[in-house]
$ cat target_26.cif   # mmCIF, C-alpha atoms
data_run
loop_
_atom_site.label_atom_id
_atom_site.label_comp_id
_atom_site.auth_asym_id
_atom_site.auth_seq_id
_atom_site.Cartn_x
_atom_site.Cartn_y
_atom_site.Cartn_z
CA MET A 253 -13.71 31.19 20.29
CA GLU A 254 -14.43 30.90 16.59
CA LYS A 255 -13.52 27.50 15.28
CA LYS A 256 -13.98 27.95 11.56
CA SER A 257 -10.52 27.35 10.16
CA LEU A 258 -10.50 23.62 10.92
CA PHE A 259 -13.61 23.09 8.90
CA SER A 260 -12.72 25.28 5.96
CA LEU A 261 -10.64 22.29 4.87
CA SER A 262 -13.63 19.96 5.19
CA MET A 263 -16.16 21.52 2.88
CA ASN A 264 -16.02 18.60 0.43
CA LEU A 265 -16.94 16.31 3.32
CA ARG A 266 -15.17 13.00 3.00
CA PRO A 267 -14.97 11.95 -0.68
CA ARG A 268 -15.84 8.27 -0.97
CA GLN A 269 -14.38 7.18 -4.32
CA SER A 270 -11.60 4.58 -4.19
CA LEU A 271 -8.26 6.28 -4.79
CA PRO A 272 -4.81 4.71 -5.12
CA PHE A 273 -2.88 4.59 -1.83
CA SER A 274 -0.47 7.54 -1.65
CA GLY A 275 1.27 7.09 1.69
CA PHE A 276 0.66 7.25 5.42
CA THR A 277 -0.15 10.42 7.34
CA GLN A 278 2.30 11.71 9.94
CA ALA A 279 -0.05 10.63 12.74
CA GLU A 280 -0.23 7.10 11.31
CA ILE A 281 3.57 6.90 11.04
CA GLU A 282 3.96 8.04 14.66
CA LYS A 283 1.50 5.38 15.79
CA MET A 284 3.32 2.64 13.86
CA GLU A 285 6.68 3.77 15.25
CA ASN A 286 5.35 3.29 18.77
CA LEU A 287 3.71 -0.04 17.97
CA LEU A 288 6.96 -1.33 16.47
CA LYS A 289 8.72 -0.49 19.71
CA GLN A 290 6.04 -1.80 22.07
CA SER A 291 4.57 -4.85 20.31
CA GLY A 292 7.65 -6.61 18.89
CA GLU A 293 7.09 -9.36 16.31
CA GLN A 294 3.31 -9.04 16.68
CA VAL A 295 3.28 -6.09 14.27
CA PHE A 296 4.18 -8.43 11.37
CA ASP A 297 1.15 -10.66 11.96
CA GLN A 298 -1.53 -10.46 9.26
CA GLU A 299 -4.44 -10.16 11.71
CA PHE A 300 -2.65 -7.38 13.58
CA CYS A 301 -1.97 -5.48 10.34
CA MET A 302 -5.59 -5.93 9.16
CA LYS A 303 -6.93 -4.49 12.41
CA LEU A 304 -4.55 -1.53 12.30
CA ALA A 305 -5.38 -0.85 8.64
CA GLY A 306 -9.06 -0.77 9.58
CA VAL A 307 -8.43 1.74 12.35
CA PHE A 308 -6.50 3.99 9.97
CA SER A 309 -9.12 3.75 7.20
CA HIS A 310 -11.96 4.72 9.54
CA SER A 311 -10.20 7.62 11.25
CA LYS A 312 -11.26 11.19 10.55
CA GLY A 313 -7.64 12.02 9.79
CA ARG A 314 -7.94 9.93 6.59
CA ALA A 315 -11.09 11.69 5.41
CA GLY A 316 -10.75 12.32 1.68
CA LYS A 317 -7.77 9.96 1.39
CA PRO A 318 -7.68 6.38 0.04
CA ILE A 319 -8.20 3.48 2.44
CA VAL A 320 -5.20 1.63 3.85
CA GLU A 321 -4.66 -2.04 2.93
CA TRP A 322 -3.21 -4.41 5.53
CA THR A 323 -0.37 -5.37 3.16
CA GLU A 324 0.75 -1.73 3.08
CA VAL A 325 0.90 -1.67 6.89
CA GLN A 326 2.89 -4.92 7.00
CA THR A 327 5.30 -3.71 4.33
CA TRP A 328 5.92 -0.50 6.28
CA PHE A 329 6.81 -2.44 9.43
CA GLN A 330 9.13 -4.74 7.48
CA ASP A 331 10.90 -1.86 5.72
CA ARG A 332 11.21 0.10 8.97
CA GLN A 333 12.79 -2.83 10.77
CA LYS A 334 15.28 -3.42 7.95
CA SER A 335 16.20 0.28 7.94
CA CYS A 336 16.88 0.30 11.66
CA LEU A 337 18.83 -2.95 11.63
CA SER A 338 21.05 -1.73 8.82
CA LYS A 339 22.32 1.04 11.12
CA ASP A 340 23.59 -1.41 13.69
CA ASN A 341 25.47 -4.54 12.61
CA SER A 342 26.19 -5.86 16.08
CA ALA A 343 25.05 -9.33 17.09
CA GLU A 344 22.69 -7.85 19.68
CA ALA A 345 20.96 -5.72 17.07
CA ASN A 346 20.45 -8.78 14.88
CA ARG A 347 18.74 -10.67 17.71
CA LYS A 348 16.04 -8.18 18.56
CA LEU A 349 13.88 -5.41 17.12
CA PRO A 350 15.37 -1.94 16.85
CA ASP A 351 14.95 0.52 19.67
CA VAL A 352 12.83 3.25 18.14
CA THR A 353 13.89 6.38 20.03
CA GLU A 354 11.68 8.96 18.36
CA GLU A 355 8.58 9.41 20.53
CA CYS A 356 5.51 11.35 19.45
CA ALA A 357 4.47 14.30 21.57
CA LEU A 358 1.39 12.52 22.89
CA ASP A 359 3.47 9.61 24.16
CA GLU A 360 5.74 11.99 26.07
CA GLU A 361 2.72 13.71 27.60
CA ASN A 362 1.30 10.34 28.60
CA GLN A 363 4.46 9.53 30.57
CA ARG A 364 4.07 12.78 32.56
CA PHE A 365 0.30 12.45 32.99
CA HIS A 366 -0.13 10.71 36.39
CA MET A 367 -3.73 10.08 37.39
CA PRO A 368 -4.82 9.42 41.01
CA GLU A 369 -4.97 5.81 42.15
CA GLY A 370 -7.99 3.99 40.76
CA ILE A 371 -8.34 6.22 37.69
CA LYS A 372 -7.21 4.73 34.41
CA ILE A 373 -6.72 6.47 31.07
CA PRO A 374 -5.90 4.92 27.67
CA ASP A 375 -2.39 4.88 26.19
CA LEU A 376 -2.24 8.29 24.49
CA SER A 377 0.39 7.05 22.04
CA ASP A 378 -2.00 4.44 20.65
CA LEU A 379 -5.24 6.41 20.43
CA LYS A 380 -6.49 9.62 18.90
CA PHE A 381 -8.86 11.82 20.84
CA GLU A 382 -11.53 14.47 20.45
CA ALA A 383 -12.70 16.96 23.05
CA ARG A 384 -15.86 18.98 23.62
CA SER A 385 -15.16 22.68 23.78
CA SER A 386 -16.69 24.53 26.72
CA VAL A 387 -17.07 27.55 24.45
CA ASP A 388 -19.57 26.19 21.93
CA GLY A 389 -20.24 22.59 23.01
CA ALA A 390 -18.91 21.18 19.72
CA TRP A 391 -16.35 18.37 19.42
CA TYR A 392 -12.90 18.97 17.90
CA ASP A 393 -9.94 16.67 17.23
CA VAL A 394 -7.17 16.90 19.84
CA ASP A 395 -3.69 17.63 18.52
CA THR A 396 -1.63 17.72 21.74
CA PHE A 397 -2.11 17.33 25.47
CA LEU A 398 -0.06 20.19 26.93
CA SER A 399 -0.52 19.91 30.69
CA HIS A 400 -2.80 18.58 33.43
CA ARG A 401 -4.16 19.56 36.81
CA PHE A 402 -6.61 18.42 39.48
CA LEU A 403 -9.37 20.63 40.83
CA SER A 404 -10.16 20.87 44.54
CA SER A 405 -13.01 18.43 43.84
CA GLY A 406 -10.49 15.88 42.56
CA GLU A 407 -11.69 16.18 38.98
CA PRO A 408 -8.84 15.87 36.43
CA GLU A 409 -8.46 18.45 33.68
CA VAL A 410 -6.09 18.65 30.71
CA LEU A 411 -4.85 21.63 28.77
CA LEU A 412 -5.05 20.71 25.11
CA ARG A 413 -4.59 22.10 21.64
CA TYR A 414 -7.06 21.38 18.85
CA VAL A 415 -6.04 20.17 15.41
CA GLY A 416 -5.87 23.15 13.05
CA PHE A 417 -5.79 25.83 15.76
CA GLY A 418 -3.06 27.86 17.43
CA SER A 419 -2.10 28.36 21.06
CA GLU A 420 -4.64 31.16 21.45
CA GLU A 421 -7.38 28.49 21.26
CA ASP A 422 -5.85 26.16 23.90
CA GLU A 423 -8.41 25.11 26.47
CA TRP A 424 -8.67 23.35 29.85
CA ILE A 425 -11.07 20.41 29.51
CA ASN A 426 -12.57 17.98 32.05
CA VAL A 427 -11.11 14.55 31.27
CA ARG A 428 -14.07 12.47 32.44
CA LYS A 429 -16.82 14.51 30.81
CA SER A 430 -15.34 15.97 27.66
CA VAL A 431 -12.43 13.89 26.34
CA ARG A 432 -12.92 10.64 24.43
CA GLU A 433 -11.60 8.52 21.59
CA ARG A 434 -12.20 10.12 18.19
CA SER A 435 -15.39 9.43 16.30
CA VAL A 436 -15.15 7.69 12.93
CA SER A 437 -16.80 8.07 9.53
CA LEU A 438 -18.31 5.15 7.61
CA GLU A 439 -17.93 4.02 4.01
CA ASN A 440 -20.87 3.99 1.59
CA SER A 441 -21.23 0.23 1.87
CA GLU A 442 -21.52 0.45 5.67
CA CYS A 443 -24.65 2.59 5.79
CA ASN A 444 -26.86 -0.45 6.42
CA LYS A 445 -25.12 -0.95 9.76
CA VAL A 446 -26.44 2.30 11.24
CA ARG A 447 -29.25 1.85 13.76
CA VAL A 448 -32.00 4.14 15.02
CA GLY A 449 -30.86 5.59 18.32
CA ASP A 450 -27.15 5.60 17.45
CA PRO A 451 -25.27 8.62 18.85
CA VAL A 452 -23.49 10.62 16.14
CA LEU A 453 -21.56 13.78 15.47
CA CYS A 454 -23.07 15.77 12.62
CA PHE A 455 -21.22 18.34 10.57
CA GLN A 456 -23.30 21.48 11.01
CA GLU A 457 -22.55 24.56 8.95
CA GLY A 458 -24.09 27.84 10.02
CA LYS A 459 -23.77 31.45 8.96
CA ASP A 460 -20.81 32.15 11.24
CA ASN A 461 -19.34 28.75 12.05
CA ALA A 462 -18.96 25.13 11.06
CA ARG A 463 -18.63 22.37 13.66
CA TYR A 464 -19.44 18.81 14.72
CA ILE A 465 -22.46 18.62 17.05
CA GLU A 466 -23.85 15.71 19.08
CA ALA A 467 -27.08 14.18 17.82
CA ARG A 468 -28.98 10.88 17.58
CA ILE A 469 -30.44 8.92 14.69
CA LEU A 470 -34.26 9.14 14.73
CA LYS A 471 -35.14 7.60 11.37
CA ILE A 472 -33.39 6.01 8.41
CA GLN A 473 -34.69 6.25 4.84
CA LYS A 474 -33.03 3.67 2.63
CA LYS A 475 -32.18 4.83 -0.91
CA PHE A 476 -30.47 3.26 -3.90
CA HIS A 477 -26.79 4.20 -4.15
CA ASP A 478 -25.53 5.87 -7.31
CA ILE A 479 -22.23 7.14 -8.70
CA ARG A 480 -22.10 9.73 -5.93
CA GLY A 481 -22.17 7.02 -3.27
CA CYS A 482 -24.69 6.48 -0.47
CA ARG A 483 -27.93 8.38 -1.03
CA CYS A 484 -29.73 7.15 2.09
CA LEU A 485 -31.27 9.81 4.31
CA PHE A 486 -30.84 9.98 8.08
CA VAL A 487 -33.19 12.00 10.26
CA ILE A 488 -31.26 13.21 13.30
CA GLN A 489 -32.11 15.18 16.43
CA TYR A 490 -29.49 17.48 17.95
CA ASP A 491 -28.88 17.00 21.66
CA HIS A 492 -28.40 20.68 22.51
CA ASP A 493 -31.73 22.04 21.23
CA ASN A 494 -33.74 18.98 20.08
CA SER A 495 -33.99 20.39 16.55
CA LYS A 496 -34.19 17.88 13.70
CA GLU A 497 -32.46 17.68 10.34
CA THR A 498 -32.27 15.20 7.46
CA VAL A 499 -28.72 14.51 6.30
CA HIS A 500 -26.61 12.14 4.20
CA LEU A 501 -24.08 9.67 5.61
CA ARG A 502 -21.14 11.84 4.58
CA ARG A 503 -22.04 14.42 7.24
CA LEU A 504 -22.03 11.93 10.10
CA CYS A 505 -19.35 10.46 12.36
CA PHE A 506 -19.99 7.61 14.78
CA ARG A 507 -18.55 6.28 18.03
CA PRO A 508 -15.68 3.81 17.45
CA SER A 509 -17.72 1.05 19.10
CA ILE A 510 -19.72 0.82 15.87
CA LEU A 511 -16.67 -0.76 14.22
CA ALA A 512 -16.97 -3.76 16.53
CA ARG A 513 -20.60 -4.07 15.50
CA LEU A 514 -19.60 -3.96 11.83
CA SER A 515 -17.10 -6.78 12.28
CA GLN A 516 -19.77 -9.00 13.82
CA ILE A 517 -22.36 -8.57 11.06
#
$ encode --input "target_26.cif" --output "structure tokens"
Amino acid sequence: MEKKSLFSLSMNLRPRQSLPFSGFTQAEIEKMENLLKQSGEQVFDQEFCMKLAGVFSHSKGRAGKPIVEWTEVQTWFQDRQKSCLSKDNSAEANRKLPDVTEECALDEENQRFHMPEGIKIPDLSDLKFEARSSVDGAWYDVDTFLSHRFLSSGEPEVLLRYVGFGSEEDEWINVRKSVRERSVSLENSECNKVRVGDPVLCFQEGKDNARYIEARILKIQKKFHDIRGCRCLFVIQYDHDNSKETVHLRRLCFRPSILARLSQI
């Protein structure tokens, strides 16, 4: 399966300059719709909005777009609540949050996805995922979970569709081994948080394909930043063949756990 079309849109590789906010993506709106329904008044809390804005700003779906401020998230929730309440003037509607009836496709799949007892999976409506293709071993963003099944061994598998690809590229993937929360990119100012040994996904462009491949940080060469952003160099080693390459920060994505590390430093 050739997976070139997804990356033909990524050749500029995550511009870093600060741009004026120009609106939420459809995926972000779907997530906020579900949070408004599930979390009640908590969504108007400043700390809640700051955390959500951070998740949006570090997601790969916002690559090349301006960062999201917490005030913009809070304003969206407030405007959405007012819009829903204006459609129902009853006393009951004025006493509680609106019932948001539009569910995203992932949330609907999550309701039908029943795992065996003892196996837990995250709330699909609140997280974005990536999956490792069995065809080339690279990781791609998941668009939709289409179905599920259990092998005779008891291993769970999901049929999924990748972002940017059609139904002809749908693939059955082992849930435990090859599905996880999406990796995130870092801002220029966050390069000093990267550590030797960190697992990463590196954008690798070859003659016939372009993809994100698993690797690890072997060495970090600190450089002065300039108008182009971070100029530090990262020596990485690919997991699949142990080859090494020196790359800039803009080609790397990290596990979401690094965000917790950033908040503690």
$ residues_around --input "target_26.cif" --residues "Lys471 of chain A" --least-positions-apart "4" --cutoff "7 Å" --atoms "only C-alpha atoms" --output "PDB file with C-alpha atoms, in the coordinates of the input"
ATOM      1  CA  VAL A 448     -32.000   4.140  15.020  1.00  0.00           C
ATOM      2  CA  PHE A 486     -30.840   9.980   8.080  1.00  0.00           C
ATOM      3  CA  VAL A 487     -33.190  12.000  10.260  1.00  0.00           C
TER       4      VAL A 487
END
$ closest_atom_pairs --input "target_26.cif" --of "segment 424-474 of chain A" --to "segment 489-494 of chain A" --cutoff "12 Å" --atoms "only C-alpha atoms" --output "tab-separated table"
residue	atom	partner	partner_atom	distance
A:Val448	CA	A:Gln489	CA	11.1
A:Gly449	CA	A:Gln489	CA	9.9
A:Asp450	CA	A:Gln489	CA	10.8
A:Pro451	CA	A:Asp491	CA	9.5
A:Val452	CA	A:Tyr490	CA	9.3
A:Leu453	CA	A:Tyr490	CA	9.1
A:Cys454	CA	A:Tyr490	CA	8.5
A:Phe455	CA	A:Tyr490	CA	11.1
A:Gln456	CA	A:Tyr490	CA	10.1
A:Tyr464	CA	A:Tyr490	CA	10.6
A:Ile465	CA	A:Tyr490	CA	7.2
A:Glu466	CA	A:Asp491	CA	5.8
A:Ala467	CA	A:Tyr490	CA	4.1
A:Arg468	CA	A:Gln489	CA	5.4
A:Ile469	CA	A:Gln489	CA	6.7
A:Leu470	CA	A:Gln489	CA	6.6
A:Lys471	CA	A:Gln489	CA	9.6
$ residues_near_point --input "target_26.cif" --point "(-1.6, 8.3, 10.7)" --cutoff "10 Å" --atoms "all atoms listed in the file" --output "VMD selection string"
chain A and resid 275 to 284 307 to 309 311 313 to 314 380
$ resolve_selection --input "target_26.cif" --expression "the PyMOL selection byres ((chain A and resi 387-396) around 6)" --output "list in words"
Phe381, Glu382, Ala383, Arg384, Ser385, Ser386, Phe397, Leu398, Leu412, Arg413, Tyr414, Val415, Tyr464 and Ile465 of chain A
$ resolve_selection --input "target_26.cif" --expression "the PyMOL selection byres ((chain A and resi 402) around 12)" --output "VMD selection string"
chain A and resid 365 to 368 399 to 401 403 to 411 424 to 428
$ atom_distance --input "target_26.cif" --atom1 "atom CA of Phe296 of chain A" --atom2 "atom CA of Phe329 of chain A"
6.8 Å
$ atom_distance --input "target_26.cif" --atom1 "atom CA of Ser509 of chain A" --atom2 "atom CA of Leu287 of chain A"
21.5 Å
$ atom_distance --input "target_26.cif" --atom1 "atom CA of Ser435 of chain A" --atom2 "atom CA of Phe506 of chain A"
5.2 Å
$ residues_around --input "target_26.cif" --residues "Glu299 of chain A" --least-positions-apart "5" --cutoff "12 Å" --atoms "only C-alpha atoms" --output "mmCIF file with C-alpha atoms, keeping the file's coordinate frame"
data_model
loop_
_atom_site.group_PDB
_atom_site.id
_atom_site.type_symbol
_atom_site.label_atom_id
_atom_site.label_comp_id
_atom_site.auth_asym_id
_atom_site.auth_seq_id
_atom_site.Cartn_x
_atom_site.Cartn_y
_atom_site.Cartn_z
ATOM 1 C CA GLN A 294 3.310 -9.040 16.680
ATOM 2 C CA LEU A 304 -4.550 -1.530 12.300
ATOM 3 C CA ALA A 305 -5.380 -0.850 8.640
ATOM 4 C CA GLY A 306 -9.060 -0.770 9.580
ATOM 5 C CA GLU A 321 -4.660 -2.040 2.930
ATOM 6 C CA TRP A 322 -3.210 -4.410 5.530
ATOM 7 C CA THR A 323 -0.370 -5.370 3.160
ATOM 8 C CA VAL A 325 0.900 -1.670 6.890
ATOM 9 C CA GLN A 326 2.890 -4.920 7.000
#
$ closest_residue --input "target_26.cif" --among "A:Asp460, A:Leu501, A:Cys301, A:Lys289" --to "Glu324 of chain A" --atoms "all atoms listed in the file"
A:Cys301
$ axis_aligned_box --input "target_26.cif" --around "segment 456-463 of chain A" --padding-each-side "4 Å" --output "lines of an AutoDock Vina configuration file"
center_x = -21.4
center_y = 26.8
center_z = 11.3
size_x = 13.5
size_y = 18.7
size_z = 12.7
$ closest_residue --input "target_26.cif" --among "A:Val431, A:Leu504, A:Cys336, A:Val436" --to "Glu285 of chain A" --atoms "all atoms listed in the file"
A:Cys336
$ residues_around --input "target_26.cif" --residues "Glu439 of chain A" --least-positions-apart "4" --cutoff "9 Å" --atoms "only C-alpha atoms" --output "VMD selection string"
chain A and resid 268 310 443 481 to 482 501 to 502
$ closest_residue --input "target_26.cif" --among "A:Leu379, A:Cys484, A:Val320, A:Val499" --to "Arg432 of chain A" --atoms "only C-alpha atoms"
A:Leu379
$ closest_residue --input "target_26.cif" --among "A:Lys474, A:Phe300, A:Glu457, A:Arg507" --to "Arg434 of chain A" --atoms "all atoms listed in the file"
A:Arg507
$ closest_residue --input "target_26.cif" --among "A:Arg463, A:Arg513, A:Arg447, A:Lys303" --to "Ile488 of chain A" --atoms "only C-alpha atoms"
A:Arg447
$ decode --input "target_26.cif" --residues "segment 426-458 of chain A" --atoms "N, CA and C atoms" --output "short mmCIF file (atom, residue, chain, number, x, y, z; two decimals), in the first residue's frame"
data_model
loop_
_atom_site.label_atom_id
_atom_site.label_comp_id
_atom_site.auth_asym_id
_atom_site.auth_seq_id
_atom_site.Cartn_x
_atom_site.Cartn_y
_atom_site.Cartn_z
N ASN A 426 -3.89 -4.82 15.08
CA ASN A 426 -3.92 -5.32 16.45
C ASN A 426 -3.98 -4.14 17.42
N VAL A 427 -4.99 -4.13 18.30
CA VAL A 427 -5.20 -3.00 19.19
C VAL A 427 -4.06 -2.85 20.18
N ARG A 428 -3.63 -3.95 20.79
CA ARG A 428 -2.61 -3.87 21.83
C ARG A 428 -1.25 -3.44 21.29
N LYS A 429 -0.90 -3.94 20.12
CA LYS A 429 0.46 -3.75 19.61
C LYS A 429 0.62 -2.54 18.70
N SER A 430 -0.44 -2.13 18.03
CA SER A 430 -0.24 -1.16 16.95
C SER A 430 -1.23 -0.01 16.91
N VAL A 431 -1.93 0.26 18.01
CA VAL A 431 -2.80 1.42 18.10
C VAL A 431 -2.46 2.17 19.38
N ARG A 432 -2.29 3.48 19.28
CA ARG A 432 -1.93 4.28 20.45
C ARG A 432 -2.35 5.73 20.24
N GLU A 433 -2.28 6.50 21.32
CA GLU A 433 -2.59 7.92 21.23
C GLU A 433 -1.59 8.60 20.29
N ARG A 434 -2.08 9.59 19.54
CA ARG A 434 -1.23 10.25 18.55
C ARG A 434 0.00 10.91 19.17
N SER A 435 1.09 10.85 18.42
CA SER A 435 2.30 11.56 18.80
C SER A 435 2.11 13.05 18.56
N VAL A 436 2.96 13.86 19.21
CA VAL A 436 2.81 15.32 19.13
C VAL A 436 4.12 15.95 18.68
N SER A 437 4.02 17.11 18.06
CA SER A 437 5.20 17.89 17.69
C SER A 437 5.45 18.93 18.77
N LEU A 438 6.67 19.44 18.82
CA LEU A 438 7.06 20.43 19.82
C LEU A 438 7.32 21.79 19.17
N GLU A 439 7.19 22.84 19.96
CA GLU A 439 7.50 24.18 19.50
C GLU A 439 9.00 24.41 19.58
N ASN A 440 9.48 25.46 18.89
CA ASN A 440 10.91 25.77 18.91
C ASN A 440 11.45 25.92 20.32
N SER A 441 10.70 26.59 21.17
CA SER A 441 11.16 26.88 22.52
C SER A 441 11.19 25.64 23.41
N GLU A 442 10.64 24.53 22.96
CA GLU A 442 10.58 23.32 23.76
C GLU A 442 11.68 22.32 23.42
N CYS A 443 12.59 22.69 22.55
CA CYS A 443 13.62 21.74 22.12
C CYS A 443 14.53 21.33 23.27
N ASN A 444 14.71 22.22 24.27
CA ASN A 444 15.60 21.89 25.38
C ASN A 444 15.00 20.85 26.32
N LYS A 445 13.77 20.44 26.08
CA LYS A 445 13.14 19.42 26.91
C LYS A 445 13.38 18.02 26.39
N VAL A 446 13.88 17.90 25.18
CA VAL A 446 14.13 16.58 24.58
C VAL A 446 15.33 15.93 25.27
N ARG A 447 15.23 14.64 25.52
CA ARG A 447 16.29 13.90 26.20
C ARG A 447 16.84 12.79 25.31
N VAL A 448 18.11 12.48 25.49
CA VAL A 448 18.71 11.33 24.82
C VAL A 448 17.96 10.08 25.25
N GLY A 449 17.62 9.25 24.30
CA GLY A 449 16.87 8.03 24.59
C GLY A 449 15.38 8.15 24.35
N ASP A 450 14.88 9.39 24.14
CA ASP A 450 13.45 9.57 23.90
C ASP A 450 13.02 8.85 22.63
N PRO A 451 11.89 8.13 22.67
CA PRO A 451 11.34 7.54 21.44
C PRO A 451 10.67 8.64 20.62
N VAL A 452 10.81 8.58 19.31
CA VAL A 452 10.24 9.59 18.42
C VAL A 452 9.69 8.94 17.17
N LEU A 453 8.88 9.71 16.44
CA LEU A 453 8.55 9.38 15.06
C LEU A 453 9.24 10.42 14.20
N CYS A 454 9.95 9.96 13.20
CA CYS A 454 10.68 10.88 12.32
C CYS A 454 10.10 10.83 10.92
N PHE A 455 9.86 12.02 10.38
CA PHE A 455 9.37 12.12 9.01
C PHE A 455 10.51 11.74 8.07
N GLN A 456 10.31 10.64 7.35
CA GLN A 456 11.34 10.10 6.47
C GLN A 456 10.83 10.11 5.04
N GLU A 457 11.51 10.84 4.19
CA GLU A 457 11.11 10.93 2.79
C GLU A 457 12.09 10.17 1.91
N GLY A 458 11.57 9.17 1.20
CA GLY A 458 12.40 8.40 0.30
C GLY A 458 12.06 8.66 -1.15
#
